[in-house]
Amino acid sequence: MRHGSSPCRNARISAPGWRRGASTLADATADNPGGAGDLVPAPRKRTVVPRHAASLIVWRQGAGEPEILMGMRHAKHKFMPSILVFPGGRVDRGDHGVKALSEMKPETFGLLAHRAKPSLARALGVAAARELYEETGLLLGEMKGTRLLADLAPLDYLCRAVTPTTRSMRFNARFLIAPAEAVRGEIGGSGELEGLAWYPLSQARAAKLADITGKILTEFSEWLEVPAARRAERPRIVFRGQDNRMSDG
């Protein structure tokens, strides 16, 4: 991974979409698509519309196995404390139509646009880069003044997951992938995630995880086994209901 200078971390409070009000534990954890809030049952006779969200799997080849950048939810949270998750969060209004350092590969954009309008498909990539910066301090892109210009070209698409209709907080989350050499900076972030580190894949899978995170790690392992030139040809997958793996049509 390329290491940038410390000023990029100091500038992150001005990045687009930075939520200065998200200082409380409840606010900070509610945004991530793997958040504890989705465990709370929804009120009867009311279906919550899922929020569009993106999570980013940043990985590198370690000594003997891949390593993934992950962090833990705060230990003091009422639900699912110390759960290991990927950086990610919901799409903000400011993620739409902003300038980027580069655009997505056609195959990645096409997979995102399969179940989203083109403007949303692009915003999902921007959201993934923004959330990475906010939660970890690492840049997938570069700062221009106070704005983050996302580098969307390195992104690959993995799958998506929709929170069950019985939950009070729901996400239609897309899981994207980026190689560690595409990001730069120093791990820091906003404090939303603790224990930010590069976790060997076997260690991550053995950690305390939400069920869906474990299934996404399995999906990622299978993605790694496919030759790079053919990964975009993999069947489109969505997890629905109680994390049931299904064709995404």
# chains A, B, ... in the order shown; residues from 1 in each chain; ligands from 1
$ residues_around --residues "region 101-115 of chain A" --least-positions-apart "5" --cutoff "7 Å" --atoms "only C-alpha atoms" --output "count of residues only"
11
$ residues_around --residues "region 127-140 of chain A" --least-positions-apart "2" --cutoff "6 Å" --atoms "only C-alpha atoms" --output "MDAnalysis selection string"
chainID A and resid 9 54:56 87:88 91 95 123:125 150:151 183:185 187:190
$ write_last_selection --atoms "C-alpha atoms" --output "tab-separated table (two decimals), in the first residue's frame"
chain	number	residue	atom	x	y	z
A	9	ARG	CA	-6.01	12.56	7.64
A	54	ALA	CA	-22.06	0.28	0.07
A	55	SER	CA	-19.37	-1.67	1.91
A	56	LEU	CA	-15.79	-1.95	0.73
A	87	PRO	CA	-15.94	-0.13	6.24
A	88	GLY	CA	-19.19	1.05	4.73
A	91	VAL	CA	-25.37	6.52	0.21
A	95	ASP	CA	-22.50	11.18	-3.36
A	123	ALA	CA	-23.03	7.06	-6.23
A	124	LEU	CA	-22.57	3.64	-4.63
A	125	GLY	CA	-18.93	3.64	-5.73
A	150	ALA	CA	-12.84	9.10	-5.55
A	151	ASP	CA	-10.73	6.74	-7.63
A	183	VAL	CA	-5.41	3.12	-1.38
A	184	ARG	CA	-3.04	5.37	0.53
A	185	GLY	CA	-2.74	7.15	3.83
A	187	ILE	CA	-5.13	4.06	9.27
A	188	GLY	CA	-7.02	6.36	11.62
A	189	GLY	CA	-10.62	7.20	10.83
A	190	SER	CA	-13.40	8.81	12.81
$ select_by_dssp --residues "chain A" --states "helix (DSSP H, G or I)" --output "count of residues only"
77
$ atom_distance --atom1 "CA of Thr47 (chain A)" --atom2 "CA of Ala161 (chain A)"
16.8 Å
$ closest_atom_pairs --of "region 129-204 of chain A" --to "region 80-85 of chain A" --cutoff "10 Å" --atoms "only C-alpha atoms" --output "tab-separated table"
residue	atom	partner	partner_atom	distance
A:Leu193	CA	A:Val85	CA	8.5
A:Glu194	CA	A:Ser82	CA	8.1
A:Gly195	CA	A:Leu84	CA	8.9
A:Leu196	CA	A:Leu84	CA	9.3
A:Tyr199	CA	A:Leu84	CA	9.9
A:Ala204	CA	A:Leu84	CA	7.7
$ closest_residue --among "A:Ala100, A:Phe86, A:Ala116, A:Thr163" --to "Glu142 (chain A)" --atoms "only C-alpha atoms"
A:Ala100
$ atom_distance --atom1 "CA of Phe175 (chain A)" --atom2 "CA of His74 (chain A)"
21.9 Å
$ closest_residue --among "A:Val48, A:Ala53, A:Ala197, A:Leu69" --to "Thr166 (chain A)" --atoms "only C-alpha atoms"
A:Val48
$ closest_residue --among "A:Gly62, A:Glu219, A:Pro118, A:Thr146" --to "Gly97 (chain A)" --atoms "only C-alpha atoms"
A:Pro118
$ atom_distance --atom1 "CA of Ser202 (chain A)" --atom2 "CA of Ile57 (chain A)"
15.0 Å
$ select_by_dssp --residues "region 109-207 of chain A" --states "strand (DSSP E or B)" --output "ChimeraX atom specification"
/A:139,141-144,147-151,156-162,167,171-179,184,194-200
$ residues_around --residues "Leu201 (chain A)" --least-positions-apart "2" --cutoff "9 Å" --atoms "only C-alpha atoms" --output "PyMOL selection string"
chain A and resi 65-68+199+203-206+217+221
